[in-house]
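Notes follow the structure.
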Amino acid sequence: MKKTYLMIFLMMMLVMVGAGCSSDETEMKAQAGGKVELTVSAAVSLQDALNDIKKSFEKENANVEVHYNFGASGALQQQISQGAPVDLFFSAAEDKFDKLVEEDLIEEKNGIDLVGNDLVLVVPKDSEKEIGSLEDLTKAAKISIGTPESVPAGQYAKQTLENMNLFKEIEDRLVYAKDVRQVLTYVETGNVDAGLVYKTDALNSSKVEIIATAQGDLHDPIIYPVGMINNLDHAKEAKLFYDYLQTEASMKIFEKYGFKNLK
């Protein structure tokens, strides 16, 4: 009987040792050949610039793969608040970013106001409407802005229209969009007569014409903060990308797409 127990004990030990070796081998292989994947939730207006930065970053850091989740800053903030697995948040509005700081999901020291933008009025390139200024929006049948509650560009647009005493006059003609890119699409396709979008988006479209820039005192400052989410699985790699976004090379890419350097 003792021999039987001894044999069973020895077999169990062999299985445990084998499993341990297998686990170690798997971990070593992962460290040697596996890539760390980062998820970055970012305002859709940053899409072109961040895709360029991703290419250069991954060339220099072959062990890290960056995945973007682009959308309206308000929607992205809510996803993170509800537990979405995200490593960094790059917002188009300070209040959405500050919400995550208040919820202790981002430490203030792990965030920075990185770039800025302008709000512009655009019309279709071949527009026959006599819209030459923001005041002329009263001549438009349909005007698109982002949904103010979730889209920072829409929030800035509403503030601008309210401060110009235009909002109530044209409110029934407003077509709300899920993000600033959708506003741009509505204008490009002629589904609306005009739209309020970020300058960076307008500059990258050959189908719209910039008519006017909203004065800075008509809306809150357009600031894009970026920060690392707390309790990351890949904190080292997240910090690597966070720092890379602030490099001179990255800032030149942002500036190429029309963003203002706030560093």
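Each chain in the structure tokens gets a letter, A, B and so on, in the order shown; residues start at 1 in every chain, and ligands are counted from 1 in the order they appear.
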Write out as a Markdown table the residues of segment 214-250 of chain A that have any atom within 12 Å of an atom of segment 150-153 of chain A, one row each with the nearest atom pair and its distance in Å to one decimal, counting only C-alpha atoms, sorted by chain and then rising number.
```
| residue | atom | partner | partner_atom | distance |
| --- | --- | --- | --- | --- |
| A:Ala214 | CA | A:Ala153 | CA | 11.7 |
| A:His219 | CA | A:Ala153 | CA | 10.1 |
| A:Asp220 | CA | A:Pro152 | CA | 9.9 |
| A:Pro221 | CA | A:Pro152 | CA | 10.7 |
| A:Ile222 | CA | A:Ala153 | CA | 8.5 |
| A:Ile223 | CA | A:Pro152 | CA | 10.0 |
| A:Tyr224 | CA | A:Pro152 | CA | 10.2 |
```
Can you tell me, as an NGL selection string, which residues in segment 89-253 of chain A count as alpha helix (DSSP H) by DSSP?
:A and (94-102 or 152-163 or 167-170 or 180-188 or 199-203 or 235-244 or 248-253)
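Compared by their closest atoms to Gln182 of chain A, and using only C-alpha atoms, the residues A:Thr147, A:Ser81, A:Thr138, A:Ser133 rank with A:Thr147 nearest.
Once segment 124-127 of chain A and its same-chain neighbours fewer than 3 positions away are set aside, Val187, Glu188, Lys207, Val208 and Glu209 of chain A remain within 6 Å of it when counting only C-alpha atoms.
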Take atom CA of Leu240 of chain A and atom CA of Leu105 of chain A and report the distance between them in Å, one decimal.
18.9 Å
Pick out each residue of segment 216-253 of chain A that DSSP on the backbone tags as strand (DSSP E); I need them as a ChimeraX atom specification.
/A:223-229
Could you write out that same residue set with N, CA, C and O atoms as a PDB file, in the first residue's frame?
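For reference, out-v9.pdb as written:
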```
ATOM      1  N   ILE A 223      -8.430  72.196 -26.454  1.00  0.00           N
ATOM      2  CA  ILE A 223      -7.200  71.578 -25.960  1.00  0.00           C
ATOM      3  C   ILE A 223      -7.364  70.061 -25.939  1.00  0.00           C
ATOM      4  O   ILE A 223      -8.396  69.545 -25.510  1.00  0.00           O
ATOM      5  N   TYR A 224      -6.323  69.367 -26.389  1.00  0.00           N
ATOM      6  CA  TYR A 224      -6.332  67.903 -26.435  1.00  0.00           C
ATOM      7  C   TYR A 224      -5.373  67.338 -25.376  1.00  0.00           C
ATOM      8  O   TYR A 224      -4.161  67.321 -25.576  1.00  0.00           O
ATOM      9  N   PRO A 225      -5.899  66.869 -24.255  1.00  0.00           N
ATOM     10  CA  PRO A 225      -5.034  66.226 -23.260  1.00  0.00           C
ATOM     11  C   PRO A 225      -4.900  64.726 -23.540  1.00  0.00           C
ATOM     12  O   PRO A 225      -5.828  64.092 -24.057  1.00  0.00           O
ATOM     13  N   VAL A 226      -3.761  64.168 -23.183  1.00  0.00           N
ATOM     14  CA  VAL A 226      -3.540  62.724 -23.308  1.00  0.00           C
ATOM     15  C   VAL A 226      -2.967  62.225 -21.993  1.00  0.00           C
ATOM     16  O   VAL A 226      -2.195  62.919 -21.330  1.00  0.00           O
ATOM     17  N   GLY A 227      -3.366  61.017 -21.594  1.00  0.00           N
ATOM     18  CA  GLY A 227      -2.855  60.472 -20.343  1.00  0.00           C
ATOM     19  C   GLY A 227      -2.960  58.962 -20.287  1.00  0.00           C
ATOM     20  O   GLY A 227      -3.665  58.335 -21.092  1.00  0.00           O
ATOM     21  N   MET A 228      -2.246  58.387 -19.332  1.00  0.00           N
ATOM     22  CA  MET A 228      -2.237  56.935 -19.140  1.00  0.00           C
ATOM     23  C   MET A 228      -3.276  56.532 -18.101  1.00  0.00           C
ATOM     24  O   MET A 228      -3.408  57.171 -17.061  1.00  0.00           O
ATOM     25  N   ILE A 229      -3.992  55.467 -18.397  1.00  0.00           N
ATOM     26  CA  ILE A 229      -4.980  54.946 -17.459  1.00  0.00           C
ATOM     27  C   ILE A 229      -4.253  54.245 -16.308  1.00  0.00           C
ATOM     28  O   ILE A 229      -3.206  53.621 -16.511  1.00  0.00           O
TER      29      ILE A 229
END
```
Non-local contacts of Lys260 of chain A (10 Å; only C-alpha atoms; under 3 positions in same chain excluded) as a PyMOL selection string
chain A and resi 114-118+200+222-224+251-252+254-257+263
With N, CA, C and O atoms retained, export the selected residues as a compact mmCIF listing (two decimals), in the first residue's frame.
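And here's selection.txt as it stands now:
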```txt
# COMPACT_ATOMS: atom_id res chain seq x y z
N LEU A 114 -1.50 68.39 -24.79
CA LEU A 114 -0.47 68.22 -25.82
C LEU A 114 -0.65 69.11 -27.05
O LEU A 114 0.30 69.76 -27.48
N VAL A 115 -1.86 69.14 -27.62
CA VAL A 115 -2.06 69.93 -28.85
C VAL A 115 -3.37 70.73 -28.76
O VAL A 115 -4.22 70.47 -27.90
N GLY A 116 -3.51 71.69 -29.66
CA GLY A 116 -4.72 72.50 -29.74
C GLY A 116 -5.25 72.52 -31.15
O GLY A 116 -4.62 72.01 -32.09
N ASN A 117 -6.43 73.13 -31.33
CA ASN A 117 -7.09 73.14 -32.63
C ASN A 117 -7.95 74.39 -32.76
O ASN A 117 -8.11 75.14 -31.79
N ASP A 118 -8.49 74.62 -33.96
CA ASP A 118 -9.41 75.72 -34.21
C ASP A 118 -10.73 75.16 -34.71
O ASP A 118 -10.78 74.07 -35.30
N THR A 200 -8.24 71.03 -38.51
CA THR A 200 -7.41 69.91 -38.96
C THR A 200 -8.17 68.98 -39.90
O THR A 200 -7.61 68.47 -40.86
N ILE A 222 -9.79 75.00 -27.21
CA ILE A 222 -9.79 73.65 -27.80
C ILE A 222 -8.44 73.00 -27.50
O ILE A 222 -7.44 73.23 -28.19
N ILE A 223 -8.43 72.20 -26.45
CA ILE A 223 -7.20 71.58 -25.96
C ILE A 223 -7.36 70.06 -25.94
O ILE A 223 -8.40 69.54 -25.51
N TYR A 224 -6.32 69.37 -26.39
CA TYR A 224 -6.33 67.90 -26.43
C TYR A 224 -5.37 67.34 -25.38
O TYR A 224 -4.16 67.32 -25.58
N MET A 251 5.53 65.74 -32.59
CA MET A 251 4.96 67.08 -32.63
C MET A 251 4.98 67.65 -34.05
O MET A 251 4.06 68.37 -34.45
N LYS A 252 5.98 67.31 -34.81
CA LYS A 252 6.05 67.77 -36.21
C LYS A 252 4.92 67.15 -37.03
O LYS A 252 4.36 67.79 -37.93
N PHE A 254 1.96 66.20 -35.77
CA PHE A 254 0.74 66.91 -35.36
C PHE A 254 0.64 68.26 -36.08
O PHE A 254 -0.44 68.62 -36.58
N GLU A 255 1.74 68.97 -36.14
CA GLU A 255 1.74 70.29 -36.77
C GLU A 255 1.49 70.17 -38.27
O GLU A 255 0.83 71.04 -38.86
N LYS A 256 1.97 69.11 -38.88
CA LYS A 256 1.74 68.88 -40.32
C LYS A 256 0.25 68.79 -40.62
O LYS A 256 -0.22 69.23 -41.67
N TYR A 257 -0.51 68.22 -39.68
CA TYR A 257 -1.95 68.07 -39.87
C TYR A 257 -2.75 69.26 -39.33
O TYR A 257 -3.97 69.21 -39.29
N LYS A 263 3.07 72.21 -26.09
CA LYS A 263 4.15 71.85 -25.17
C LYS A 263 5.01 73.07 -24.85
O LYS A 263 5.25 73.91 -25.67
```
Go through A:Glu248, A:Glu60, A:Glu237, A:Asp113 and flag the residue nearest Ser91 of chain A, using only C-alpha atoms for the distances.
A:Asp113
